[in-house]
$ cat upload30.cif   # mmCIF, C-alpha atoms
data_data
loop_
_atom_site.label_atom_id
_atom_site.label_comp_id
_atom_site.auth_asym_id
_atom_site.auth_seq_id
_atom_site.Cartn_x
_atom_site.Cartn_y
_atom_site.Cartn_z
CA MET A 1 121.86 134.24 136.26
CA ALA A 2 118.72 135.78 134.79
CA THR A 3 119.39 138.74 132.52
CA HIS A 4 116.96 141.56 132.16
CA GLY A 5 118.79 143.69 129.64
CA ASP A 6 116.27 144.06 126.83
CA ASP A 7 112.54 144.39 127.18
CA HIS A 8 110.03 142.16 125.44
CA GLY A 9 106.52 143.50 125.32
CA HIS A 10 105.13 140.03 125.82
CA ASP A 11 107.80 138.42 127.96
CA HIS A 12 105.52 136.37 130.12
CA ALA A 13 108.44 134.54 131.64
CA ARG A 14 109.76 137.72 133.15
CA THR A 15 106.29 138.56 134.43
CA PHE A 16 106.38 135.62 136.79
CA VAL A 17 110.01 134.72 137.30
CA ALA A 18 111.57 136.31 140.33
CA ASP A 19 115.02 137.88 140.15
CA GLU A 20 116.39 135.50 142.74
CA GLU A 21 115.40 132.45 140.74
CA ASP A 22 118.77 131.74 139.25
CA SER A 23 118.82 127.98 139.55
CA LEU A 24 115.93 126.82 137.43
CA GLY A 25 115.88 123.10 136.71
CA HIS A 26 114.77 121.57 133.43
CA TYR A 27 111.12 121.19 134.43
CA ALA A 28 110.97 124.77 135.68
CA ILE A 29 112.00 125.87 132.19
CA VAL A 30 109.47 123.50 130.63
CA GLU A 31 106.78 125.15 132.78
CA MET A 32 107.76 128.53 131.42
CA ALA A 33 107.74 127.26 127.83
CA VAL A 34 104.36 125.57 128.14
CA ARG A 35 102.85 128.56 129.92
CA GLU A 36 104.11 131.07 127.36
CA LEU A 37 102.95 128.96 124.43
CA LEU A 38 99.50 128.38 125.90
CA ILE A 39 99.08 132.09 126.67
CA GLU A 40 100.08 132.90 123.10
CA LYS A 41 97.52 130.42 121.82
CA GLY A 42 94.84 132.07 123.95
CA VAL A 43 94.25 129.12 126.27
CA PHE A 44 94.49 131.42 129.28
CA THR A 45 95.65 134.95 130.04
CA PRO A 46 98.49 136.29 132.19
CA ASP A 47 95.84 137.79 134.48
CA GLU A 48 94.25 134.39 135.02
CA PHE A 49 97.64 132.98 135.85
CA ARG A 50 98.41 135.82 138.22
CA GLU A 51 95.07 135.31 139.92
CA GLY A 52 95.87 131.63 140.32
CA LEU A 53 99.13 132.50 142.08
CA GLU A 54 97.33 134.94 144.36
CA VAL A 55 94.68 132.38 145.32
CA PHE A 56 97.45 129.85 145.97
CA ASP A 57 99.27 132.25 148.29
CA LYS A 58 96.12 133.29 150.14
CA ALA A 59 95.34 129.74 151.23
CA GLY A 60 96.97 128.50 154.38
CA PRO A 61 96.35 126.90 157.77
CA HIS A 62 95.02 130.20 159.14
CA LEU A 63 91.88 129.64 157.07
CA GLY A 64 91.39 126.20 158.53
CA ALA A 65 92.07 127.59 162.00
CA ARG A 66 89.37 130.19 161.42
CA ALA A 67 86.88 127.46 160.53
CA VAL A 68 87.87 125.41 163.57
CA ALA A 69 87.62 128.31 166.02
CA ARG A 70 84.25 129.25 164.61
CA ALA A 71 83.01 125.67 164.84
CA TRP A 72 84.12 125.54 168.48
CA THR A 73 82.13 128.67 169.32
CA ASP A 74 79.15 128.54 166.96
CA PRO A 75 77.12 125.30 167.05
CA GLU A 76 75.18 126.17 163.89
CA PHE A 77 78.37 126.76 161.94
CA LYS A 78 79.81 123.52 163.29
CA GLU A 79 76.74 121.63 162.12
CA SER A 80 76.97 123.14 158.65
CA LEU A 81 80.73 122.52 158.50
CA LEU A 82 80.24 118.85 159.26
CA ALA A 83 77.23 118.50 156.95
CA ASP A 84 78.69 120.29 153.93
CA GLY A 85 82.25 121.47 154.39
CA SER A 86 82.58 123.01 150.92
CA ALA A 87 79.50 125.21 151.40
CA ALA A 88 80.51 126.21 154.92
CA VAL A 89 84.00 127.41 153.98
CA LYS A 90 82.64 129.53 151.13
CA GLU A 91 81.94 132.06 153.89
CA LEU A 92 85.70 132.23 154.43
CA GLY A 93 86.18 132.90 150.73
CA VAL A 94 87.39 129.38 150.03
CA ASP A 95 86.46 127.72 146.75
CA MET A 96 87.12 123.98 146.80
CA LYS A 97 86.95 123.90 142.98
CA LEU A 98 86.66 120.37 141.60
CA THR A 99 86.91 118.76 145.03
CA GLU A 100 84.64 118.59 148.06
CA LEU A 101 85.63 119.31 151.64
CA TYR A 102 84.67 116.78 154.27
CA VAL A 103 85.37 117.69 157.88
CA VAL A 104 85.77 114.87 160.38
CA GLU A 105 85.28 115.64 164.04
CA ASN A 106 87.57 114.38 166.76
CA THR A 107 85.70 113.24 169.85
CA PRO A 108 86.83 111.78 173.17
CA ARG A 109 86.25 108.38 171.56
CA VAL A 110 87.54 108.86 168.01
CA HIS A 111 90.74 110.47 166.77
CA ASN A 112 90.86 111.10 163.03
CA VAL A 113 93.96 111.39 160.87
CA ILE A 114 94.28 112.00 157.12
CA VAL A 115 96.52 110.46 154.48
CA CYS A 116 96.45 109.91 150.71
CA THR A 117 98.30 106.66 150.10
CA LEU A 118 97.93 106.83 146.31
CA CYS A 119 99.19 110.36 145.76
CA SER A 120 98.90 113.43 148.01
CA CYS A 121 95.28 114.64 148.05
CA TYR A 122 94.95 117.48 150.54
CA PRO A 123 92.43 120.32 151.07
CA LYS A 124 94.75 122.88 149.43
CA PRO A 125 92.21 125.65 148.81
CA LEU A 126 91.61 125.71 152.56
CA LEU A 127 94.91 124.76 154.18
CA GLY A 128 97.41 125.71 151.45
CA ALA A 129 100.09 123.36 150.17
CA PRO A 130 100.67 120.21 152.22
CA PRO A 131 103.94 119.73 154.11
CA ASP A 132 106.62 117.61 152.42
CA TRP A 133 106.19 114.80 154.93
CA TYR A 134 102.51 114.40 154.04
CA LYS A 135 103.57 113.65 150.47
CA SER A 136 106.45 111.40 151.48
CA ARG A 137 106.75 107.68 150.80
CA ASN A 138 107.12 106.87 154.46
CA TYR A 139 104.03 108.74 155.65
CA ARG A 140 101.89 107.41 152.81
CA SER A 141 103.12 103.86 153.38
CA ARG A 142 102.85 103.71 157.15
CA MET A 143 99.91 105.90 158.22
CA VAL A 144 97.29 103.35 157.14
CA ARG A 145 99.32 100.42 158.45
CA GLU A 146 100.66 101.65 161.80
CA PRO A 147 98.98 104.98 162.57
CA ARG A 148 99.77 104.97 166.27
CA SER A 149 103.47 104.58 165.70
CA VAL A 150 103.46 107.41 163.16
CA LEU A 151 101.44 109.56 165.58
CA ALA A 152 104.04 108.79 168.26
CA GLU A 153 106.74 110.18 165.93
CA PHE A 154 104.76 113.42 165.94
CA GLY A 155 104.66 113.32 169.73
CA THR A 156 101.04 112.22 169.89
CA THR A 157 99.79 109.44 172.12
CA LEU A 158 96.10 109.09 172.79
CA PRO A 159 94.34 108.15 176.00
CA GLU A 160 93.07 104.59 176.58
CA GLY A 161 89.98 103.59 174.69
CA VAL A 162 90.29 106.07 171.82
CA GLU A 163 89.73 104.69 168.31
CA VAL A 164 92.20 105.93 165.72
CA ARG A 165 90.38 106.36 162.44
CA VAL A 166 92.57 106.88 159.38
CA HIS A 167 91.01 108.46 156.29
CA ASP A 168 92.68 107.44 153.04
CA SER A 169 91.60 110.11 150.52
CA THR A 170 91.10 108.13 147.35
CA ALA A 171 88.36 110.09 145.59
CA THR A 172 86.89 113.58 145.32
CA MET A 173 86.70 114.32 149.02
CA ARG A 174 89.46 116.32 150.66
CA TYR A 175 89.56 115.91 154.40
CA MET A 176 90.19 118.21 157.33
CA VAL A 177 90.12 117.21 160.97
CA LEU A 178 88.11 119.30 163.43
CA PRO A 179 90.34 118.84 166.48
CA LEU A 180 89.07 118.68 170.04
CA ARG A 181 88.89 122.03 171.80
CA PRO A 182 91.54 121.92 174.50
CA GLU A 183 90.91 122.32 178.21
CA GLY A 184 91.28 125.73 179.79
CA THR A 185 89.90 127.74 176.86
CA ALA A 186 86.35 128.41 177.99
CA ASP A 187 87.04 132.14 178.26
CA PHE A 188 88.99 132.45 175.02
CA THR A 189 87.73 134.66 172.23
CA ARG A 190 87.43 133.22 168.76
CA GLU A 191 90.58 135.10 167.73
CA GLN A 192 92.51 133.65 170.66
CA LEU A 193 91.30 130.17 169.79
CA GLU A 194 92.44 130.61 166.20
CA THR A 195 96.00 131.15 167.37
CA LEU A 196 95.97 127.78 169.14
CA VAL A 197 94.93 125.74 166.12
CA ASN A 198 97.96 124.50 164.21
CA ARG A 199 98.11 122.88 160.79
CA ASP A 200 99.17 119.47 162.06
CA SER A 201 96.08 119.21 164.27
CA MET A 202 93.90 119.67 161.18
CA ILE A 203 95.72 116.80 159.46
CA GLY A 204 95.32 114.83 162.66
CA VAL A 205 98.94 114.00 163.47
CA THR A 206 98.74 116.18 166.57
CA VAL A 207 96.08 117.45 168.96
CA VAL A 208 95.65 121.11 169.87
CA PRO A 209 97.56 121.49 173.14
CA ALA A 210 95.97 123.26 176.09
CA PRO A 211 97.24 126.84 176.41
CA GLY A 212 100.48 127.08 178.32
CA GLN A 213 101.30 123.45 177.66
CA GLY A 214 103.13 124.02 174.40
CA GLY A 215 103.71 120.54 173.13
CA PRO A 216 104.13 119.39 169.56
CA GLY A 217 103.48 122.04 166.93
CA MET B 1 70.75 107.24 140.54
CA THR B 2 69.90 104.47 142.96
CA ALA B 3 72.55 103.39 145.40
CA ARG B 4 72.96 99.65 145.70
CA PHE B 5 74.28 99.63 149.27
CA ALA B 6 72.82 101.14 152.44
CA VAL B 7 74.60 102.75 155.35
CA GLY B 8 75.45 100.02 157.83
CA GLU B 9 75.56 97.29 155.20
CA ARG B 10 78.53 94.92 155.19
CA VAL B 11 80.41 94.93 151.91
CA ARG B 12 83.50 93.32 150.47
CA VAL B 13 85.96 94.94 148.09
CA HIS B 14 86.46 92.95 144.89
CA ASP B 15 89.56 90.80 145.03
CA ARG B 16 90.55 91.86 141.54
CA TYR B 17 93.66 93.38 140.02
CA PRO B 18 92.79 94.85 136.63
CA PRO B 19 95.21 97.07 134.70
CA GLY B 20 94.84 100.83 134.45
CA HIS B 21 94.42 103.74 136.83
CA ILE B 22 92.58 102.42 139.88
CA ARG B 23 91.66 104.42 142.98
CA THR B 24 90.90 101.36 145.11
CA PRO B 25 94.17 100.80 146.98
CA TYR B 26 95.87 97.41 146.67
CA TYR B 27 95.90 96.84 150.41
CA ILE B 28 92.10 96.82 150.73
CA ARG B 29 91.22 94.53 147.85
CA GLY B 30 89.29 91.50 148.98
CA LYS B 31 88.70 92.96 152.45
CA SER B 32 85.34 93.43 154.15
CA GLY B 33 83.96 96.48 155.89
CA VAL B 34 80.81 98.44 156.65
CA VAL B 35 79.27 101.27 154.62
CA ALA B 36 79.66 104.38 156.79
CA ASP B 37 78.15 106.79 154.29
CA MET B 38 77.14 107.21 150.65
CA VAL B 39 78.84 110.44 149.67
CA GLY B 40 77.27 111.04 146.28
CA ALA B 41 77.72 110.09 142.64
CA PHE B 42 80.87 111.00 140.74
CA THR B 43 82.54 110.38 137.40
CA ASP B 44 84.45 107.14 137.12
CA PRO B 45 88.16 107.95 137.55
CA GLU B 46 89.21 104.82 135.65
CA ASP B 47 87.36 105.99 132.55
CA CYS B 48 88.45 109.62 132.94
CA ALA B 49 92.07 108.48 133.19
CA ARG B 50 91.73 106.94 129.72
CA GLY B 51 90.36 110.21 128.35
CA GLY B 52 86.72 109.22 128.67
CA ASP B 53 84.00 111.38 130.19
CA GLY B 54 83.54 109.08 133.19
CA LEU B 55 79.79 108.94 132.71
CA PRO B 56 77.43 107.77 133.97
CA GLU B 57 78.33 109.02 137.43
CA ARG B 58 78.37 106.21 139.89
CA PRO B 59 77.78 106.02 143.65
CA LEU B 60 80.78 106.51 145.93
CA TYR B 61 80.77 105.06 149.43
CA ARG B 62 82.81 105.74 152.51
CA VAL B 63 83.55 102.22 153.73
CA ARG B 64 84.96 101.62 157.20
CA PHE B 65 87.30 98.71 157.80
CA ARG B 66 88.61 97.36 161.08
CA GLN B 67 92.39 97.66 161.01
CA THR B 68 92.60 94.12 162.40
CA VAL B 69 90.81 93.01 159.20
CA ALA B 70 92.87 95.21 156.87
CA TRP B 71 96.16 93.95 158.39
CA PRO B 72 96.31 90.45 159.87
CA ASP B 73 99.11 91.45 162.22
CA TYR B 74 97.83 94.91 163.16
CA ALA B 75 99.56 95.95 166.36
CA GLY B 76 97.42 98.92 167.36
CA ASP B 77 94.12 99.03 169.22
CA GLY B 78 91.46 96.55 168.12
CA ARG B 79 89.02 99.46 167.83
CA ASP B 80 91.07 101.24 165.17
CA THR B 81 89.60 101.70 161.71
CA VAL B 82 90.44 102.96 158.25
CA ASP B 83 87.86 104.78 156.12
CA ILE B 84 88.26 104.65 152.35
CA GLU B 85 86.08 106.02 149.58
CA ILE B 86 85.26 103.26 147.16
CA PHE B 87 83.08 103.25 144.05
CA GLU B 88 80.08 100.98 143.87
CA HIS B 89 81.50 98.90 141.04
CA TRP B 90 84.33 97.84 143.34
CA LEU B 91 81.99 96.51 146.04
CA GLU B 92 79.88 93.42 146.50
CA PRO B 93 77.65 92.35 149.36
CA GLU B 94 79.61 90.58 152.08
CA PRO B 95 79.32 86.90 151.29
CA GLY B 96 77.51 84.81 153.88
CA MET C 1 89.73 86.44 142.31
CA ALA C 2 88.10 84.89 139.22
CA ASP C 3 90.07 82.09 137.57
CA GLY C 4 92.09 83.13 134.61
CA GLU C 5 91.90 86.81 135.49
CA GLU C 6 95.10 88.71 135.20
CA LYS C 7 96.60 89.94 138.44
CA THR C 8 98.19 93.24 137.47
CA PRO C 9 101.21 93.99 139.65
CA ARG C 10 100.86 96.73 142.20
CA GLY C 11 101.58 100.20 140.90
CA TYR C 12 104.69 101.89 142.28
CA HIS C 13 102.52 104.75 143.54
CA ASP C 14 100.19 102.43 145.50
CA LEU C 15 102.09 102.68 148.75
CA GLY C 16 99.61 101.92 151.53
CA GLY C 17 101.04 99.29 153.86
CA HIS C 18 104.57 99.09 152.43
CA PRO C 19 107.25 98.79 155.09
CA ALA C 20 108.97 102.13 155.42
CA GLY C 21 111.19 104.14 157.72
CA PRO C 22 110.58 107.08 160.04
CA VAL C 23 108.81 110.14 158.68
CA ASP C 24 111.24 112.97 157.92
CA ARG C 25 109.41 115.98 159.28
CA SER C 26 111.60 118.64 157.71
CA GLU C 27 109.75 120.99 155.38
CA HIS C 28 110.75 123.33 152.59
CA VAL C 29 108.94 126.48 151.56
CA LEU C 30 107.66 126.08 148.01
CA GLU C 31 109.86 127.78 145.45
CA PRO C 32 108.18 130.09 142.94
CA TRP C 33 108.61 127.61 140.07
CA GLU C 34 106.78 124.96 142.10
CA LYS C 35 103.85 127.27 142.70
CA ARG C 36 103.82 128.08 138.99
CA VAL C 37 103.61 124.38 138.12
CA ASP C 38 100.76 123.96 140.58
CA VAL C 39 98.84 126.91 139.13
CA LEU C 40 99.49 125.85 135.52
CA CYS C 41 98.27 122.31 136.21
CA GLY C 42 95.21 123.72 137.95
CA ILE C 43 94.33 125.83 134.92
CA LEU C 44 94.68 122.86 132.56
CA VAL C 45 92.06 120.87 134.49
CA ASP C 46 89.73 123.71 135.46
CA ARG C 47 86.11 123.93 134.41
CA LYS C 48 86.81 126.66 131.87
CA ARG C 49 89.54 124.76 130.05
CA ARG C 50 88.86 121.06 130.72
CA LEU C 51 91.93 120.22 128.64
CA MET C 52 92.66 117.27 130.87
CA THR C 53 91.41 115.75 134.09
CA ILE C 54 93.06 115.18 137.47
CA ASP C 55 92.58 111.47 136.75
CA GLU C 56 94.57 111.71 133.51
CA ARG C 57 97.33 113.59 135.31
CA ARG C 58 97.53 110.97 138.04
CA ASP C 59 97.52 108.21 135.44
CA ALA C 60 100.33 109.98 133.59
CA ILE C 61 102.39 110.12 136.80
CA GLU C 62 101.72 106.42 137.29
CA LYS C 63 103.13 105.77 133.81
CA LEU C 64 106.27 107.91 134.00
CA GLY C 65 108.14 104.89 135.33
CA GLU C 66 109.39 103.87 138.74
CA ASP C 67 112.79 105.53 138.30
CA ALA C 68 111.19 108.87 137.50
CA TYR C 69 108.71 108.47 140.34
CA ASN C 70 111.47 107.81 142.85
CA SER C 71 113.96 110.39 141.64
CA LEU C 72 112.01 113.43 140.42
CA LYS C 73 110.83 116.03 142.87
CA TYR C 74 107.12 116.30 143.50
CA TYR C 75 106.46 119.22 141.16
CA GLU C 76 108.83 117.84 138.54
CA LEU C 77 106.53 114.82 138.40
CA TRP C 78 103.52 117.08 137.96
CA MET C 79 105.18 119.02 135.17
CA ALA C 80 106.39 115.85 133.45
CA ALA C 81 102.85 114.48 133.57
CA ALA C 82 101.33 117.72 132.27
CA LEU C 83 103.91 117.80 129.47
CA LYS C 84 103.12 114.19 128.48
CA LEU C 85 99.41 114.97 128.29
CA VAL C 86 99.82 118.27 126.45
CA LEU C 87 101.83 116.41 123.79
CA GLU C 88 99.56 113.35 123.64
CA LYS C 89 96.49 115.52 123.23
CA GLY C 90 98.12 117.57 120.50
CA ILE C 91 97.70 120.81 122.44
CA LEU C 92 101.34 121.65 121.75
CA THR C 93 103.99 119.93 119.65
CA ARG C 94 107.37 118.63 120.75
CA ASP C 95 109.08 121.07 118.35
CA GLU C 96 107.18 124.04 119.74
CA ILE C 97 108.09 123.20 123.29
CA ASP C 98 111.71 122.31 122.62
CA GLY C 99 112.12 125.47 120.60
CA ARG C 100 110.69 127.63 123.34
CA VAL C 101 112.78 125.89 126.01
CA ASP C 102 115.92 126.71 124.02
CA GLU C 103 114.80 130.29 123.53
CA ILE C 104 114.09 130.74 127.23
CA ARG C 105 117.47 129.33 128.18
CA ALA C 106 119.10 131.80 125.83
CA ARG C 107 116.93 134.63 127.14
CA LEU C 108 117.88 133.89 130.72
CA GLY C 109 121.54 133.38 129.85
CA LEU C 110 121.46 129.74 130.89
CA GLU C 111 123.49 127.02 129.31
CA ALA C 112 121.82 124.56 126.96
CA GLY C 113 119.91 121.94 128.91
CA PRO C 114 119.18 118.25 128.47
#
$ encode --input "upload30.cif" --output "structure tokens"
Amino acid sequence: MATHGDDHGHDHARTFVADEEDSLGHYAIVEMAVRELLIEKGVFTPDEFREGLEVFDKAGPHLGARAVARAWTDPEFKESLLADGSAAVKELGVDMKLTELYVVENTPRVHNVIVCTLCSCYPKPLLGAPPDWYKSRNYRSRMVREPRSVLAEFGTTLPEGVEVRVHDSTATMRYMVLPLRPEGTADFTREQLETLVNRDSMIGVTVVPAPGQGGPG
Amino acid sequence: MTARFAVGERVRVHDRYPPGHIRTPYYIRGKSGVVADMVGAFTDPEDCARGGDGLPERPLYRVRFRQTVAWPDYAGDGRDTVDIEIFEHWLEPEPG
Amino acid sequence: MADGEEKTPRGYHDLGGHPAGPVDRSEHVLEPWEKRVDVLCGILVDRKRRLMTIDERRDAIEKLGEDAYNSLKYYELWMAAALKLVLEKGILTRDEIDGRVDEIRARLGLEAGP
């Protein structure tokens, strides 16, 4: 159980460790040690670390959904999103850092889905942290080999004649799928459209269901 | 930087298995596909992994493979594809 | 493949195409320590610091060994890799880190670790 009896003026561990974190494994402690030592050596500051945590928490599928809804309703934005994803999402306050965002568009003929077989590359600055399954052995092993059967596990079957295109992120690009706009949304506002777009549709394991149909999240 | 391969060109991934950190997946080595795009020039991850600077930057291609070529017993649709980003030094013109 | 060229065995991380079971779709919300590892690793590779590269970190994970790869949690792998590189590059010493780990355990009232 963490104790907070005495105060250290430079207790950087306490700055970032939450009270409820009472089961810290070995590597969690190593993180604290390395972080404290590097701060003491001037490699970075507590403020920089805090800012990093804030940026991490700000990212999430809602940002991707915002880009998707805007692309569905603004042809110029869609064109710029597809041509240079990193530049386009800067408008949403997203900085792709050392990676580049590449947005792949689903069409009636092509359904895109993303995987990183070698590790777990994912457009984190835009979509936040990837789900556990995306990083799992089974997803990484099977998505390139039998995409349709993995899609079926997510409740997704595609109409006849659709090409499934798997993107294996091996290099600097980080991929996001621009899903198809569902039927029955012609009168939706951009904000309403945003609420329809779920994270899994931007990875490509699901499609965005038509409103009122529910379907796989 | 001049790119060796053009969009639409047929290329084959080297059928080689060198040691070290490689970002060309095992399953695609020796397989043939089509250049879908040339996405730019980037530092060589194999050199960076050894602590090098990865320079000179080298062209990176998005290569599209038919799944029926990638996997001899592929059970999905014959139209299905897999796109992989592969560095120029891992590609050769499709023989024949 | 050219004659006489070594065929390095497939890395344990190079999973594309391996037979595997159904995808477990359950998810866990990242714990604070996991976010901290992510942020720390991001700082180490960022443009301002350039203390290591993403490529070195991946390579380090690929060298931790198959047992570690299969048994450690995702962010434990990241921290183990970052630790390996920080030591190899002489950014911190083993003594410094071990000493601080012990001090933190004492500070938090935890029992001595591994």
$ closest_atom_pairs --input "upload30.cif" --of "region 21-40 of chain B" --to "region 123-143 of chain A" --cutoff "12 Å" --atoms "all atoms listed in the file" --output "JSON lines"
{"residue": "B:Pro25", "atom": "CA", "partner": "A:Ser141", "partner_atom": "CA", "distance": 11.4}
{"residue": "B:Tyr26", "atom": "CA", "partner": "A:Ser141", "partner_atom": "CA", "distance": 11.8}
{"residue": "B:Tyr27", "atom": "CA", "partner": "A:Ser141", "partner_atom": "CA", "distance": 10.5}
$ closest_residue --input "upload30.cif" --among "A:Thr185, A:Thr170, A:Ser80, A:Thr45" --to "chain B" --atoms "all atoms listed in the file"
A:Thr170
$ atom_distance --input "upload30.cif" --atom1 "CA of Val166 (chain A)" --atom2 "CA of Glu46 (chain B)"
24.1 Å
$ axis_aligned_box --input "upload30.cif" --around "region 22-36 of chain B" --padding-each-side "6 Å" --output "lines of an AutoDock Vina configuration file"
center_x = 87.6
center_y = 98.0
center_z = 148.3
size_x = 28.6
size_y = 24.9
size_z = 28.9
$ resolve_selection --input "upload30.cif" --expression "the PyMOL selection byres ((chain C) within 6 of (chain A))" --output "ChimeraX atom specification"
/C:13-18,20-21,23,25,27,33,39,76,100-101,108
$ interface_residues --input "upload30.cif" --of "chain C" --to "chain B" --cutoff "10 Å" --atoms "only C-alpha atoms" --output "list in words"
Met1, Ala2, Glu5, Glu6, Lys7, Thr8, Pro9, Arg10, Gly11, His13, Asp14, Leu15, Gly16, Gly17, His18, Met52, Thr53, Ile54, Asp55, Glu56, Arg57, Arg58, Asp59, Ala60, Glu62, Lys63 and Lys89 of chain C
$ atom_distance --input "upload30.cif" --atom1 "CA of Ala3 (chain B)" --atom2 "CA of Arg62 (chain B)"
12.7 Å
$ residues_around --input "upload30.cif" --residues "Ala36 (chain B)" --least-positions-apart "4" --cutoff "9 Å" --atoms "only C-alpha atoms" --output "compact mmCIF listing (two decimals) with C-alpha atoms, in the frame of the given file"
# COMPACT_ATOMS: atom_id res chain seq x y z
CA ALA B 6 72.82 101.14 152.44
CA VAL B 7 74.60 102.75 155.35
CA GLY B 8 75.45 100.02 157.83
CA GLU B 9 75.56 97.29 155.20
CA TYR B 61 80.77 105.06 149.43
CA ARG B 62 82.81 105.74 152.51
CA VAL B 63 83.55 102.22 153.73
CA ARG B 64 84.96 101.62 157.20
CA ASP B 83 87.86 104.78 156.12
$ resolve_selection --input "upload30.cif" --expression "the PyMOL selection byres ((chain C and resi 79) around 9)" --output "list in words"
Tyr27, Ala28, Val30 and Glu31 of chain A; Val37, Asp38, Leu40, Cys41, Tyr74, Tyr75, Glu76, Leu77, Trp78, Ala80, Ala81, Ala82, Leu83 and Lys84 of chain C
$ write_last_selection --input "upload30.cif" --atoms "C-alpha atoms" --output "PDB file, keeping the file's coordinate frame"
ATOM      1  CA  TYR A  27     111.120 121.190 134.430  1.00  0.00           C
ATOM      2  CA  ALA A  28     110.970 124.770 135.680  1.00  0.00           C
ATOM      3  CA  VAL A  30     109.470 123.500 130.630  1.00  0.00           C
ATOM      4  CA  GLU A  31     106.780 125.150 132.780  1.00  0.00           C
TER       5      GLU A  31
ATOM      6  CA  VAL C  37     103.610 124.380 138.120  1.00  0.00           C
ATOM      7  CA  ASP C  38     100.760 123.960 140.580  1.00  0.00           C
ATOM      8  CA  LEU C  40      99.490 125.850 135.520  1.00  0.00           C
ATOM      9  CA  CYS C  41      98.270 122.310 136.210  1.00  0.00           C
ATOM     10  CA  TYR C  74     107.120 116.300 143.500  1.00  0.00           C
ATOM     11  CA  TYR C  75     106.460 119.220 141.160  1.00  0.00           C
ATOM     12  CA  GLU C  76     108.830 117.840 138.540  1.00  0.00           C
ATOM     13  CA  LEU C  77     106.530 114.820 138.400  1.00  0.00           C
ATOM     14  CA  TRP C  78     103.520 117.080 137.960  1.00  0.00           C
ATOM     15  CA  ALA C  80     106.390 115.850 133.450  1.00  0.00           C
ATOM     16  CA  ALA C  81     102.850 114.480 133.570  1.00  0.00           C
ATOM     17  CA  ALA C  82     101.330 117.720 132.270  1.00  0.00           C
ATOM     18  CA  LEU C  83     103.910 117.800 129.470  1.00  0.00           C
ATOM     19  CA  LYS C  84     103.120 114.190 128.480  1.00  0.00           C
TER      20      LYS C  84
END
$ atom_distance --input "upload30.cif" --atom1 "CA of Tyr175 (chain A)" --atom2 "CA of Val104 (chain A)"
7.2 Å
$ interface_residues --input "upload30.cif" --of "chain B" --to "chain A" --cutoff "7 Å" --atoms "all atoms listed in the file" --output "PDB file with C-alpha atoms, in the frame of the given file"
ATOM      1  CA  ARG B  23      91.660 104.420 142.980  1.00  0.00           C
ATOM      2  CA  GLY B  76      97.420  98.920 167.360  1.00  0.00           C
ATOM      3  CA  ARG B  79      89.020  99.460 167.830  1.00  0.00           C
ATOM      4  CA  ASP B  80      91.070 101.240 165.170  1.00  0.00           C
ATOM      5  CA  THR B  81      89.600 101.700 161.710  1.00  0.00           C
ATOM      6  CA  VAL B  82      90.440 102.960 158.250  1.00  0.00           C
ATOM      7  CA  ASP B  83      87.860 104.780 156.120  1.00  0.00           C
ATOM      8  CA  ILE B  84      88.260 104.650 152.350  1.00  0.00           C
ATOM      9  CA  GLU B  85      86.080 106.020 149.580  1.00  0.00           C
TER      10      GLU B  85
END
$ resolve_selection --input "upload30.cif" --expression "the PyMOL selection byres ((chain A and resi 202) around 10)" --output "ChimeraX atom specification"
/A:61,64-65,68,103-106,112-114,127,175-179,197-201,203-208
$ residues_around --input "upload30.cif" --residues "Met1 (chain B)" --least-positions-apart "6" --cutoff "10 Å" --atoms "all atoms listed in the file" --output "count of residues only"
6
$ residues_around --input "upload30.cif" --residues "Val69 (chain B)" --least-positions-apart "5" --cutoff "9 Å" --atoms "only C-alpha atoms" --output "PyMOL selection string"
chain B and resi 31-33+74
$ write_last_selection --input "upload30.cif" --atoms "C-alpha atoms" --output "JSON list (two decimals), in the coordinates of the input"
[["chain", "number", "residue", "atom", "x", "y", "z"],
["B", 31, "LYS", "CA", 88.70, 92.96, 152.45],
["B", 32, "SER", "CA", 85.34, 93.43, 154.15],
["B", 33, "GLY", "CA", 83.96, 96.48, 155.89],
["B", 74, "TYR", "CA", 97.83, 94.91, 163.16]]
$ closest_residue --input "upload30.cif" --among "B:Met38, B:Pro72, B:Gly78, B:Phe65" --to "Val13 (chain B)" --atoms "all atoms listed in the file"
B:Phe65
